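Below is coords.txt, which holds compact mmCIF, C-alpha atoms.
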# COMPACT_ATOMS: atom_id res chain seq x y z
CA MET A 424 0.00 0.00 0.00
CA ALA A 425 1.19 3.53 -0.83
CA ALA A 426 2.33 4.90 2.53
CA ASP A 427 3.03 8.55 1.80
CA PRO A 428 0.12 11.00 1.99
CA LEU A 429 -0.96 12.69 -1.20
CA PRO A 430 0.24 16.26 -1.79
CA PRO A 431 -2.27 18.96 -0.76
CA PHE A 432 -5.01 19.79 -3.24
CA PRO A 433 -6.59 23.27 -3.45
CA PRO A 434 -9.49 24.30 -1.20
CA GLY A 435 -12.77 23.43 -2.88
CA PHE A 436 -11.27 20.67 -5.01
CA LEU A 437 -14.12 18.26 -5.78
CA TRP A 438 -13.60 14.58 -4.97
CA GLY A 439 -16.03 12.09 -6.48
CA ALA A 440 -16.75 8.64 -7.85
CA SER A 441 -18.47 7.74 -11.12
CA THR A 442 -20.91 5.10 -12.37
CA SER A 443 -23.40 4.80 -15.22
CA ALA A 444 -27.02 3.71 -15.23
CA HIS A 445 -26.86 0.76 -17.61
CA GLN A 446 -23.79 -0.64 -15.85
CA ILE A 447 -25.23 -0.67 -12.32
CA GLU A 448 -28.99 -0.11 -12.13
CA GLY A 449 -30.52 -3.37 -13.32
CA ALA A 450 -34.35 -3.33 -13.10
CA ALA A 451 -34.48 -3.71 -16.86
CA ASP A 452 -38.13 -4.75 -16.58
CA LEU A 453 -38.99 -1.27 -15.27
CA ARG A 454 -37.70 0.70 -18.25
CA GLU A 455 -37.86 0.78 -22.03
CA ARG A 456 -35.23 -1.14 -24.00
CA SER A 457 -31.95 0.48 -24.96
CA VAL A 458 -29.57 -0.23 -27.82
CA TRP A 459 -27.46 -2.13 -25.27
CA ASP A 460 -30.34 -4.48 -24.41
CA VAL A 461 -30.65 -5.30 -28.11
CA PHE A 462 -26.89 -5.74 -28.49
CA GLU A 463 -26.60 -7.98 -25.43
CA ALA A 464 -29.24 -10.32 -26.88
CA ARG A 465 -27.05 -11.06 -29.91
CA PRO A 466 -25.00 -14.24 -29.39
CA GLY A 467 -21.30 -13.51 -29.02
CA SER A 468 -21.66 -9.78 -28.39
CA ILE A 469 -20.73 -9.93 -24.69
CA ALA A 470 -17.53 -11.76 -23.72
CA ASP A 471 -19.06 -13.75 -20.87
CA GLY A 472 -22.53 -14.06 -22.36
CA SER A 473 -24.09 -11.93 -19.62
CA THR A 474 -26.53 -9.01 -19.68
CA ALA A 475 -27.08 -5.92 -17.56
CA ALA A 476 -30.66 -6.91 -16.71
CA VAL A 477 -29.79 -7.00 -12.99
CA ALA A 478 -26.18 -5.72 -12.86
CA CYS A 479 -25.55 -4.28 -9.34
CA ASP A 480 -29.30 -3.87 -8.77
CA SER A 481 -28.64 -0.27 -7.79
CA PHE A 482 -32.16 0.68 -8.80
CA HIS A 483 -33.37 -1.18 -5.70
CA ARG A 484 -30.21 -0.81 -3.60
CA HIS A 485 -29.14 2.75 -4.26
CA ARG A 486 -29.27 3.63 -0.55
CA GLU A 487 -26.45 1.13 0.05
CA ASP A 488 -24.45 2.96 -2.59
CA VAL A 489 -25.15 6.35 -1.00
CA GLU A 490 -23.91 4.97 2.33
CA LEU A 491 -20.73 3.77 0.64
CA LEU A 492 -20.18 7.20 -0.91
CA ALA A 493 -20.72 8.92 2.42
CA GLY A 494 -18.38 6.44 4.09
CA LEU A 495 -15.64 7.36 1.63
CA GLY A 496 -15.99 11.03 2.48
CA LEU A 497 -16.55 11.98 -1.15
CA ASP A 498 -17.93 15.38 -2.13
CA ALA A 499 -19.81 14.22 -5.22
CA TYR A 500 -21.32 11.27 -7.06
CA ARG A 501 -21.33 11.16 -10.84
CA PHE A 502 -24.14 8.83 -11.95
CA SER A 503 -26.08 8.77 -15.19
CA VAL A 504 -29.75 9.17 -15.93
CA SER A 505 -31.16 6.40 -18.11
CA TRP A 506 -33.06 7.89 -21.04
CA PRO A 507 -34.99 4.60 -21.53
CA ARG A 508 -36.00 4.72 -17.86
CA VAL A 509 -37.16 8.33 -18.11
CA ASP A 510 -39.26 7.25 -21.09
CA SER A 511 -41.06 4.75 -18.81
CA PRO A 512 -43.95 5.56 -16.44
CA GLY A 513 -42.56 6.86 -13.16
CA GLY A 514 -39.00 6.60 -14.47
CA LEU A 515 -37.89 9.91 -13.01
CA ASP A 516 -39.06 8.89 -9.54
CA HIS A 517 -35.90 6.82 -9.06
CA TYR A 518 -33.67 9.83 -9.73
CA ASP A 519 -35.81 12.00 -7.47
CA ARG A 520 -35.13 9.57 -4.62
CA LEU A 521 -31.45 9.22 -5.46
CA VAL A 522 -30.87 12.98 -5.56
CA ASP A 523 -32.69 13.49 -2.27
CA ASP A 524 -30.73 10.70 -0.57
CA LEU A 525 -27.41 12.05 -1.87
CA LEU A 526 -28.14 15.55 -0.63
CA ALA A 527 -29.22 14.20 2.75
CA ALA A 528 -25.84 12.44 2.96
CA GLY A 529 -23.93 15.60 2.05
CA VAL A 530 -22.93 14.30 -1.41
CA ARG A 531 -23.38 16.49 -4.50
CA PRO A 532 -25.36 14.77 -7.30
CA VAL A 533 -23.65 15.07 -10.70
CA PRO A 534 -25.89 13.42 -13.31
CA THR A 535 -24.68 12.51 -16.79
CA LEU A 536 -27.55 12.78 -19.22
CA PHE A 537 -26.26 10.36 -21.88
CA HIS A 538 -23.91 7.49 -21.06
CA TRP A 539 -24.41 5.30 -24.18
CA ASP A 540 -27.82 3.74 -23.32
CA LEU A 541 -29.81 5.23 -26.19
CA PRO A 542 -33.48 4.16 -26.39
CA ALA A 543 -33.68 1.26 -28.84
CA ALA A 544 -36.14 3.11 -31.08
CA LEU A 545 -33.65 5.93 -31.74
CA ASP A 546 -30.49 6.14 -33.84
CA TRP A 547 -27.58 8.57 -33.61
CA ARG A 548 -27.16 8.31 -37.38
CA GLU A 549 -30.30 10.44 -37.58
CA ARG A 550 -29.96 14.17 -36.93
CA ASP A 551 -33.39 14.27 -35.28
CA THR A 552 -32.00 12.27 -32.34
CA ALA A 553 -30.20 15.42 -31.19
CA ALA A 554 -33.50 17.29 -30.94
CA ARG A 555 -35.11 14.32 -29.18
CA PHE A 556 -32.23 14.38 -26.68
CA ALA A 557 -32.78 18.08 -25.96
CA ALA A 558 -36.47 17.42 -25.23
CA TYR A 559 -35.51 14.60 -22.84
CA VAL A 560 -33.00 16.89 -21.10
CA GLU A 561 -35.72 19.50 -20.62
CA ARG A 562 -37.85 16.89 -18.83
CA VAL A 563 -35.04 15.83 -16.53
CA ALA A 564 -34.02 19.40 -15.72
CA ALA A 565 -37.63 20.37 -14.98
CA ARG A 566 -37.83 17.54 -12.41
CA LEU A 567 -34.36 17.65 -10.82
CA GLY A 568 -33.08 21.13 -11.55
CA ASP A 569 -34.27 22.57 -8.23
CA ARG A 570 -31.74 20.33 -6.44
CA VAL A 571 -29.05 19.46 -8.99
CA ARG A 572 -26.31 22.04 -9.41
CA THR A 573 -23.78 20.25 -11.64
CA TRP A 574 -24.65 18.54 -14.93
CA ILE A 575 -22.80 16.50 -17.56
CA THR A 576 -24.43 16.36 -20.98
CA VAL A 577 -22.75 13.49 -22.87
CA ASN A 578 -20.13 10.88 -21.95
CA GLU A 579 -17.31 9.91 -24.32
CA PRO A 580 -18.83 10.65 -27.72
CA ALA A 581 -15.65 9.32 -29.37
CA GLU A 582 -15.97 5.84 -27.88
CA HIS A 583 -19.68 5.62 -28.59
CA THR A 584 -19.02 6.68 -32.18
CA PHE A 585 -16.06 4.47 -32.96
CA LEU A 586 -16.67 1.39 -30.81
CA GLY A 587 -20.42 1.33 -31.40
CA HIS A 588 -20.75 2.59 -34.96
CA ALA A 589 -17.37 2.39 -36.74
CA LEU A 590 -16.03 -0.94 -35.42
CA GLY A 591 -19.22 -2.60 -34.17
CA VAL A 592 -17.78 -3.97 -30.91
CA HIS A 593 -20.20 -1.97 -28.74
CA ALA A 594 -23.90 -1.27 -29.11
CA PRO A 595 -25.56 -0.68 -31.48
CA GLY A 596 -23.04 -2.88 -33.30
CA HIS A 597 -22.68 -1.05 -36.63
CA ARG A 598 -19.44 -1.40 -38.62
CA MET A 599 -19.37 1.76 -40.70
CA LEU A 600 -15.73 2.85 -40.35
CA PHE A 601 -15.44 6.53 -41.38
CA GLU A 602 -19.09 6.66 -42.42
CA ALA A 603 -19.81 6.74 -38.68
CA LEU A 604 -18.60 10.35 -38.35
CA PRO A 605 -22.13 11.83 -38.58
CA VAL A 606 -22.80 9.96 -35.31
CA ALA A 607 -20.04 12.00 -33.68
CA HIS A 608 -21.50 15.23 -35.00
CA HIS A 609 -25.05 14.41 -33.92
CA GLN A 610 -23.84 13.67 -30.37
CA LEU A 611 -21.96 16.98 -30.26
CA LEU A 612 -25.02 18.79 -31.60
CA ALA A 613 -27.11 17.05 -28.92
CA HIS A 614 -24.63 18.26 -26.32
CA GLY A 615 -24.96 21.87 -27.48
CA LEU A 616 -28.76 21.70 -27.53
CA ALA A 617 -28.66 20.16 -24.04
CA VAL A 618 -26.48 23.01 -22.76
CA ARG A 619 -29.08 25.46 -24.05
CA ALA A 620 -31.90 23.48 -22.44
CA LEU A 621 -30.07 23.36 -19.11
CA ARG A 622 -29.28 27.09 -19.23
CA ALA A 623 -32.97 27.79 -19.92
CA ALA A 624 -33.77 25.77 -16.78
CA GLY A 625 -31.38 27.92 -14.73
CA ALA A 626 -28.30 25.66 -14.69
CA ASP A 627 -24.96 27.40 -14.26
CA ASP A 628 -22.55 24.48 -13.76
CA VAL A 629 -22.55 22.46 -16.98
CA GLY A 630 -19.83 20.30 -18.53
CA ILE A 631 -19.21 17.34 -20.83
CA ALA A 632 -17.07 14.21 -20.30
CA VAL A 633 -14.65 13.65 -23.21
CA SER A 634 -12.05 10.90 -23.39
CA HIS A 635 -8.50 12.06 -24.03
CA ALA A 636 -5.27 10.13 -24.45
CA PRO A 637 -1.82 11.19 -25.61
CA THR A 638 -0.99 9.80 -29.03
CA TRP A 639 2.59 8.62 -29.28
CA PRO A 640 4.15 7.72 -32.67
CA VAL A 641 5.70 4.27 -32.77
CA SER A 642 8.79 5.77 -34.47
CA GLU A 643 10.08 9.01 -35.96
CA ARG A 644 9.54 7.73 -39.49
CA LYS A 645 7.50 10.16 -41.60
CA GLU A 646 4.79 7.56 -42.19
CA ASP A 647 4.40 6.81 -38.48
CA LEU A 648 4.32 10.49 -37.53
CA ALA A 649 1.60 11.19 -40.11
CA ALA A 650 -0.48 8.21 -38.96
CA ALA A 651 -0.16 9.23 -35.30
CA ASP A 652 -1.16 12.80 -36.13
CA PHE A 653 -4.29 11.62 -37.95
CA TYR A 654 -5.19 9.29 -35.08
CA ASP A 655 -4.82 12.17 -32.62
CA VAL A 656 -7.08 14.33 -34.76
CA LEU A 657 -9.67 11.56 -35.07
CA MET A 658 -9.79 10.47 -31.42
CA ASN A 659 -9.03 13.71 -29.58
CA ARG A 660 -9.23 16.94 -31.55
CA ALA A 661 -12.29 15.93 -33.61
CA PHE A 662 -14.20 16.40 -30.35
CA SER A 663 -12.31 19.06 -28.40
CA ASP A 664 -11.83 21.44 -31.35
CA PRO A 665 -15.54 21.82 -32.19
CA LEU A 666 -16.44 22.06 -28.51
CA LEU A 667 -13.80 24.64 -27.62
CA LEU A 668 -12.96 26.37 -30.93
CA GLY A 669 -16.18 25.97 -32.88
CA ARG A 670 -14.58 24.14 -35.81
CA TYR A 671 -13.56 20.65 -36.87
CA PRO A 672 -9.82 20.11 -37.39
CA GLU A 673 -8.28 19.64 -40.79
CA GLY A 674 -8.32 15.96 -41.66
CA VAL A 675 -11.75 15.36 -40.15
CA ALA A 676 -13.67 18.38 -41.41
CA GLU A 677 -13.37 17.00 -44.95
CA LEU A 678 -14.94 13.71 -43.86
CA MET A 679 -17.99 15.27 -42.21
CA PRO A 680 -21.29 15.51 -44.08
CA ASP A 681 -22.21 18.78 -45.76
CA GLY A 682 -23.88 21.41 -43.62
CA VAL A 683 -22.32 20.66 -40.24
CA GLU A 684 -20.72 24.11 -40.14
CA ALA A 685 -24.11 25.65 -39.45
CA ASP A 686 -24.36 23.65 -36.22
CA LEU A 687 -20.98 24.59 -34.76
CA GLU A 688 -22.26 27.66 -32.92
CA ILE A 689 -24.56 25.30 -31.01
CA VAL A 690 -21.86 22.64 -30.52
CA SER A 691 -19.51 25.24 -29.01
CA GLU A 692 -21.94 26.65 -26.45
CA ARG A 693 -20.04 28.01 -23.45
CA LEU A 694 -19.07 25.39 -20.88
CA ASP A 695 -18.55 26.00 -17.17
CA TRP A 696 -15.95 23.23 -17.10
CA TYR A 697 -14.50 20.59 -19.39
CA GLY A 698 -14.48 16.94 -18.29
CA VAL A 699 -11.55 14.66 -19.14
CA ASN A 700 -11.70 10.85 -18.99
CA TYR A 701 -8.20 9.37 -18.97
CA TYR A 702 -7.00 5.76 -18.99
CA ALA A 703 -3.87 5.27 -21.13
CA PRO A 704 -1.93 6.68 -24.10
CA SER A 705 -2.12 5.25 -27.61
CA LEU A 706 0.99 4.13 -29.53
CA VAL A 707 0.28 4.58 -33.23
CA GLY A 708 2.05 3.93 -36.51
CA ALA A 709 1.45 3.57 -40.21
CA PRO A 710 -0.82 0.76 -41.43
CA THR A 711 0.85 -2.64 -41.31
CA GLY A 712 -1.27 -4.36 -43.93
CA GLY A 713 -3.10 -6.44 -41.35
CA PRO A 714 -5.18 -5.92 -38.19
CA SER A 715 -3.45 -4.47 -35.14
CA ALA A 716 -4.41 -5.20 -31.55
CA TYR A 717 -4.49 -2.89 -28.57
CA GLY A 718 -5.72 -4.53 -25.39
CA THR A 719 -8.98 -6.19 -26.36
CA LEU A 720 -9.54 -3.99 -29.43
CA ASP A 721 -8.74 -5.14 -32.97
CA VAL A 722 -8.07 -2.30 -35.42
CA PRO A 723 -9.09 -3.39 -38.95
CA PRO A 724 -6.51 -3.20 -41.75
CA GLU A 725 -8.67 -0.71 -43.67
CA MET A 726 -7.81 2.02 -41.18
CA PRO A 727 -4.98 4.44 -42.13
CA PHE A 728 -3.06 3.67 -38.94
CA SER A 729 -2.09 0.77 -36.69
CA VAL A 730 -2.24 0.74 -32.88
CA HIS A 731 0.51 -0.98 -30.91
CA GLU A 732 1.09 -2.27 -27.41
CA ILE A 733 3.10 0.00 -25.10
CA GLU A 734 5.83 -2.23 -23.76
CA GLY A 735 7.71 -2.07 -20.48
CA ARG A 736 4.76 -0.91 -18.39
CA PRO A 737 2.63 -2.70 -15.81
CA ARG A 738 -0.77 -3.70 -17.17
CA THR A 739 -4.23 -3.67 -15.73
CA ASP A 740 -6.45 -6.73 -16.00
CA PHE A 741 -7.90 -5.13 -19.13
CA GLY A 742 -4.44 -5.19 -20.70
CA TRP A 743 -4.10 -1.41 -20.63
CA PRO A 744 -0.65 0.00 -19.77
CA VAL A 745 -0.32 1.99 -16.57
CA VAL A 746 1.07 5.40 -17.61
CA PRO A 747 0.24 8.03 -14.97
CA GLU A 748 2.36 10.73 -16.61
CA GLY A 749 -0.02 10.52 -19.57
CA LEU A 750 -2.63 12.27 -17.42
CA THR A 751 -0.24 15.17 -16.83
CA GLU A 752 0.48 15.25 -20.57
CA VAL A 753 -3.22 15.35 -21.46
CA LEU A 754 -4.03 18.16 -19.03
CA THR A 755 -1.06 20.37 -19.89
CA GLY A 756 -1.58 19.63 -23.59
CA LEU A 757 -5.20 20.83 -23.47
CA ARG A 758 -4.08 24.00 -21.67
CA ASP A 759 -1.32 24.63 -24.22
CA ARG A 760 -3.56 24.01 -27.23
CA TYR A 761 -6.66 25.91 -26.17
CA GLY A 762 -5.37 28.61 -23.83
CA ASP A 763 -8.16 30.81 -22.56
CA ARG A 764 -10.71 28.87 -24.63
CA LEU A 765 -10.31 25.98 -22.19
CA PRO A 766 -12.59 26.38 -19.17
CA PRO A 767 -11.65 24.86 -15.80
CA VAL A 768 -11.11 21.11 -16.08
CA MET A 769 -12.46 18.16 -14.12
CA VAL A 770 -11.13 14.63 -14.42
CA THR A 771 -14.47 12.89 -14.77
CA GLU A 772 -13.11 9.32 -15.09
CA ASN A 773 -9.86 7.62 -14.18
CA GLY A 774 -9.48 4.07 -12.89
CA CYS A 775 -8.38 0.52 -13.53
CA SER A 776 -9.54 -3.09 -13.57
CA TYR A 777 -7.97 -5.49 -11.07
CA PRO A 778 -9.38 -8.55 -9.28
CA GLY A 779 -9.62 -9.27 -5.57
CA LEU A 780 -10.44 -7.45 -2.36
CA ASP A 781 -6.84 -6.71 -1.41
CA ASP A 782 -6.33 -4.63 -4.54
CA GLN A 783 -2.89 -3.16 -3.93
CA ASP A 784 -2.40 -2.64 -7.68
CA ARG A 785 -5.41 -0.33 -7.74
CA ILE A 786 -4.04 1.62 -4.78
CA ALA A 787 -0.71 2.06 -6.56
CA TYR A 788 -2.55 3.11 -9.75
CA LEU A 789 -4.70 5.72 -8.02
CA ASP A 790 -1.82 7.05 -5.96
CA ALA A 791 0.36 7.52 -9.06
CA HIS A 792 -2.41 9.13 -11.11
CA LEU A 793 -3.39 11.55 -8.36
CA ARG A 794 0.24 12.62 -8.08
CA ALA A 795 0.32 13.06 -11.87
CA LEU A 796 -2.82 15.19 -11.60
CA HIS A 797 -1.14 17.27 -8.89
CA ARG A 798 1.82 17.89 -11.21
CA ALA A 799 -0.61 19.35 -13.75
CA LEU A 800 -1.96 21.64 -11.02
CA GLU A 801 1.60 22.71 -10.19
CA ALA A 802 2.13 23.43 -13.89
CA GLY A 803 -0.78 25.88 -13.79
CA VAL A 804 -3.65 23.81 -15.20
CA ASP A 805 -6.94 24.83 -13.58
CA VAL A 806 -8.22 21.41 -12.48
CA ARG A 807 -11.23 21.59 -10.17
CA GLY A 808 -12.03 17.95 -9.40
CA TYR A 809 -11.35 14.23 -9.77
CA PHE A 810 -13.83 11.34 -10.11
CA VAL A 811 -12.55 7.79 -9.77
CA TRP A 812 -14.00 5.10 -12.04
CA SER A 813 -15.73 3.38 -10.42
CA LEU A 814 -17.55 3.19 -7.12
CA LEU A 815 -18.73 -0.38 -7.86
CA ASP A 816 -17.71 -3.39 -9.86
CA ASN A 817 -20.25 -3.35 -12.68
CA PHE A 818 -21.32 -4.55 -16.11
CA GLU A 819 -18.29 -3.52 -18.16
CA TRP A 820 -20.03 -3.23 -21.53
CA ALA A 821 -18.83 -5.84 -24.06
CA GLU A 822 -16.64 -7.45 -21.37
CA GLY A 823 -19.67 -8.28 -19.21
CA TYR A 824 -18.62 -8.95 -15.62
CA ARG A 825 -15.05 -10.04 -16.41
CA GLN A 826 -13.47 -6.68 -15.57
CA ARG A 827 -13.67 -5.19 -12.06
CA PHE A 828 -13.12 -1.43 -11.83
CA GLY A 829 -14.80 -0.86 -8.46
CA LEU A 830 -13.56 0.43 -5.14
CA VAL A 831 -16.32 -1.87 -3.88
CA HIS A 832 -16.60 -5.55 -4.77
CA VAL A 833 -20.02 -6.72 -5.94
CA ASP A 834 -20.94 -10.40 -5.69
CA PHE A 835 -22.84 -10.93 -8.92
CA ASP A 836 -23.67 -14.51 -7.92
CA SER A 837 -25.65 -13.44 -4.85
CA PRO A 838 -29.29 -12.36 -5.13
CA GLU A 839 -28.48 -9.46 -2.80
CA ARG A 840 -25.56 -8.30 -4.98
CA THR A 841 -23.55 -8.09 -1.77
CA ARG A 842 -21.19 -5.11 -1.66
CA THR A 843 -17.80 -5.40 0.08
CA PRO A 844 -15.39 -2.45 0.23
CA LYS A 845 -11.92 -3.30 -1.08
CA ALA A 846 -8.55 -2.21 0.29
CA SER A 847 -8.59 0.67 -2.24
CA TYR A 848 -11.82 1.96 -0.69
CA ALA A 849 -10.14 2.21 2.72
CA TRP A 850 -7.03 3.77 1.19
CA LEU A 851 -8.99 6.47 -0.63
CA ARG A 852 -11.14 7.14 2.44
CA ASP A 853 -8.02 7.70 4.53
CA GLN A 854 -6.39 9.88 1.88
CA LEU A 855 -9.48 12.07 1.60
CA ARG A 856 -9.67 12.38 5.38
CA ASP A 857 -6.05 13.55 5.43
CA CYS A 858 -6.73 15.99 2.58
CA LEU A 859 -9.66 17.51 4.44
CA ARG A 860 -7.59 17.73 7.61
CA ALA A 861 -4.82 19.52 5.68
CA ARG A 862 -7.34 22.07 4.36
CA ARG A 863 -8.13 23.09 7.92
Just give me the structure of the file as structure tokens.
Amino acid sequence: MAADPLPPFPPGFLWGASTSAHQIEGAADLRERSVWDVFEARPGSIADGSTAAVACDSFHRHREDVELLAGLGLDAYRFSVSWPRVDSPGGLDHYDRLVDDLLAAGVRPVPTLFHWDLPAALDWRERDTAARFAAYVERVAARLGDRVRTWITVNEPAEHTFLGHALGVHAPGHRMLFEALPVAHHQLLAHGLAVRALRAAGADDVGIAVSHAPTWPVSERKEDLAAADFYDVLMNRAFSDPLLLGRYPEGVAELMPDGVEADLEIVSERLDWYGVNYYAPSLVGAPTGGPSAYGTLDVPPEMPFSVHEIEGRPRTDFGWPVVPEGLTEVLTGLRDRYGDRLPPVMVTENGCSYPGLDDQDRIAYLDAHLRALHRALEAGVDVRGYFVWSLLDNFEWAEGYRQRFGLVHVDFDSPERTRTPKASYAWLRDQLRDCLRARR
């Protein structure tokens, strides 16, 4: 276990944990179907053949989760609102109860309004889905906006675009390659419309959660540098540039459908903060003529780049390399690229998959990444908060229940979905207690 206390973080720094509705709620019989329900029913789509029909059963057991959050001493809880549940009779009642229970426990509710569980009847390939999303956001804000201060519009539009629509390894399972780019634009348009809807409801603390990873070229060869630059544009700047600069970067703008320029004023609506999800860098080179593998992801040979394993680093159970300095690189890189166009930043996801209750590897991971975050603060990046992924072991999308990201172990074989705090839970609790003591 890491013995040294963390360095002091600024007064008011927000400490939180994250989850998402489809991954933890269960109670699938009490909501409409999502694209993930459809995807999970296809043989071979989920690695262990499971579904999220019950998951952690947090719909029925959310008070246990609130107690765990309060026991950690966290300031905030980032959860997501299930659009298919809101579309069901009484669906908002659950979030009413959750928000009230969080506030009673002294924990700030931070809802994410879209975390990949699109209603099955809708399709992000259709522009109208953005308008439908804005109408749904209006309903949620009208019900919860008197108590919710901080909102997140959309989670990881890049992953939902490329894993779900370009490569087909996530729901809804389309394999469209670059023809999936309208999906990215429609999510960004939905984000902008949601910001407007939230502002109209009186919200003044609105952000988005965007995945970012440094892109490292596999060599200094011209071909590898060009491939890495394109990958960086595709996976990072194709989302941050329109959000923060109001334009798509060269290399992606040409691949977007006609007419998207008219939407960019909406896409780039002012943010109160910018959320960064960080896990690991990407090592990229020129195409090799065959598929390349990175962790559990196969990159098809049709793509104009190849993705390579980063050697010489410890690996999580997911096969991802542990590179804490990549978080510093992401945060300082965003500051350097966007300057005063970058609002304050929050790290909205960061975590790792490891088995067992005595999860010393997770402790070492979190300790190293929080120190890397502190180095970004020392370098002048205005970071306002950190949310660990995740509070609970959960349904890890196409991996099913094979990957365990939680500070709390969940027994998926027990009807009660018994929760047991891990060693990392106790470590983080003690670190936060020391941080609060240092503030005084």
Select, from A:Val675, A:Leu495, A:Ala821, A:Ala558, the residue with the minimum atom-to-atom distance to Ala846 in chain A, counting all atoms listed in the file.
A:Leu495
Given only C-alpha atoms, how would the per-residue table for range 471-491 of chain A near range 511-531 of chain A read, listing every residue at most 10 Å away with its closest atom pair and distance in Å to one decimal, sorted by chain and number, as JSON lines?
{"residue": "A:Phe482", "atom": "CA", "partner": "A:His517", "partner_atom": "CA", "distance": 7.2}
{"residue": "A:His483", "atom": "CA", "partner": "A:His517", "partner_atom": "CA", "distance": 9.0}
{"residue": "A:His485", "atom": "CA", "partner": "A:Leu521", "partner_atom": "CA", "distance": 7.0}
{"residue": "A:Arg486", "atom": "CA", "partner": "A:Asp524", "partner_atom": "CA", "distance": 7.2}
{"residue": "A:Asp488", "atom": "CA", "partner": "A:Leu525", "partner_atom": "CA", "distance": 9.6}
{"residue": "A:Val489", "atom": "CA", "partner": "A:Leu525", "partner_atom": "CA", "distance": 6.2}
{"residue": "A:Glu490", "atom": "CA", "partner": "A:Ala528", "partner_atom": "CA", "distance": 7.7}
Point out the residue among A:Lys845, A:Arg555, A:Arg798, A:His445 with the least atom-to-atom distance to Arg785 in chain A, counting all atoms listed in the file.
A:Lys845
Within 12 Å of range 761-771 of chain A, which residues of range 453-551 of chain A show up? Give each one with its shortest atom-to-atom distance in Å (one decimal) and the two atoms involved, counting only C-alpha atoms, rows by chain then rising residue number, as a Markdown table.
| residue | atom | partner | partner_atom | distance |
| --- | --- | --- | --- | --- |
| A:Ala499 | CA | A:Thr771 | CA | 11.0 |
| A:Tyr500 | CA | A:Thr771 | CA | 10.4 |
| A:Arg501 | CA | A:Thr771 | CA | 8.1 |
| A:Phe502 | CA | A:Thr771 | CA | 10.9 |
| A:Val533 | CA | A:Thr771 | CA | 10.3 |
| A:Pro534 | CA | A:Thr771 | CA | 11.5 |
| A:Thr535 | CA | A:Thr771 | CA | 10.4 |
Students should find that CA of Leu590 in chain A and CA of Asn578 in chain A are spaced 18.4 Å
Centre, edges in Å (one decimal): axis-aligned box, range 668-672 of chain A, 3 Å padding on all six sides, as JSON:
{"center_x": -13.0, "center_y": 23.2, "center_z": -34.2, "size_x": 12.4, "size_y": 12.3, "size_z": 12.5}
List as an MDAnalysis selection string the residues having at least one atom at most 9 Å from position (-10.8, -2.6, -1.7) as given in the file, counting all atoms listed in the file.
chainID A and resid 779:783 785:786 829:832 843:850
How about saving the chosen residues, C-alpha atoms kept, as a CSV table (one decimal), in the coordinates of the input?
chain,number,residue,atom,x,y,z
A,779,GLY,CA,-9.6,-9.3,-5.6
A,780,LEU,CA,-10.4,-7.4,-2.4
A,781,ASP,CA,-6.8,-6.7,-1.4
A,782,ASP,CA,-6.3,-4.6,-4.5
A,783,GLN,CA,-2.9,-3.2,-3.9
A,785,ARG,CA,-5.4,-0.3,-7.7
A,786,ILE,CA,-4.0,1.6,-4.8
A,829,GLY,CA,-14.8,-0.9,-8.5
A,830,LEU,CA,-13.6,0.4,-5.1
A,831,VAL,CA,-16.3,-1.9,-3.9
A,832,HIS,CA,-16.6,-5.6,-4.8
A,843,THR,CA,-17.8,-5.4,0.1
A,844,PRO,CA,-15.4,-2.4,0.2
A,845,LYS,CA,-11.9,-3.3,-1.1
A,846,ALA,CA,-8.6,-2.2,0.3
A,847,SER,CA,-8.6,0.7,-2.2
A,848,TYR,CA,-11.8,2.0,-0.7
A,849,ALA,CA,-10.1,2.2,2.7
A,850,TRP,CA,-7.0,3.8,1.2
Nearest candidate to Leu666 in chain A (options A:Gln826, A:Thr584, A:Ser691, A:Thr474; using all atoms listed in the file):
A:Ser691
Neighbours of Phe818 in chain A within 7 Å (all atoms listed in the file; same-chain residues fewer than 4 positions away dropped), as a list of chain:residue names?
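The neighbour list is A:Gln446, A:Ile447, A:Ala475, A:Ala478, A:Gly823, A:Tyr824.
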Out of A:Ala799, A:Leu815, A:Leu678, A:Leu667, which residue has the shortest atom-to-atom distance to Arg842 in chain A when counting all atoms listed in the file?
A:Leu815
Residues near Thr755 in chain A, cut-off 8 Å, all atoms listed in the file, skip fewer than 2 positions along chain, as a PyMOL selection string:
chain A and resi 751-753+757-759+799+802+804
Give me a file of those residues, with C-alpha atoms, as a short mmCIF file (atom, residue, chain, number, x, y, z; two decimals), keeping the file's coordinate frame.
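Heads up, here's the output in again24.cif:
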data_model
loop_
_atom_site.label_atom_id
_atom_site.label_comp_id
_atom_site.auth_asym_id
_atom_site.auth_seq_id
_atom_site.Cartn_x
_atom_site.Cartn_y
_atom_site.Cartn_z
CA THR A 751 -0.24 15.17 -16.83
CA GLU A 752 0.48 15.25 -20.57
CA VAL A 753 -3.22 15.35 -21.46
CA LEU A 757 -5.20 20.83 -23.47
CA ARG A 758 -4.08 24.00 -21.67
CA ASP A 759 -1.32 24.63 -24.22
CA ALA A 799 -0.61 19.35 -13.75
CA ALA A 802 2.13 23.43 -13.89
CA VAL A 804 -3.65 23.81 -15.20
#
Skip Asp569 in chain A itself and residues of its chain fewer than 6 positions away, then list as a PyMOL selection string all residues within 10 Å of it, counting all atoms listed in the file.
chain A and resi 624-626
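The spacing separating CA of Ala651 in chain A from CA of Trp812 in chain A amounts to 27.4 Å.
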Please provide the set of residues having any atom within 8 Å of Ile733 in chain A, restricted to only C-alpha atoms, with same-chain residues fewer than 2 positions apart removed, written as a list in words.
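These residues fall inside the cut-off: Ser705, Leu706, His731, Gly735, Arg736 and Pro744 of chain A.
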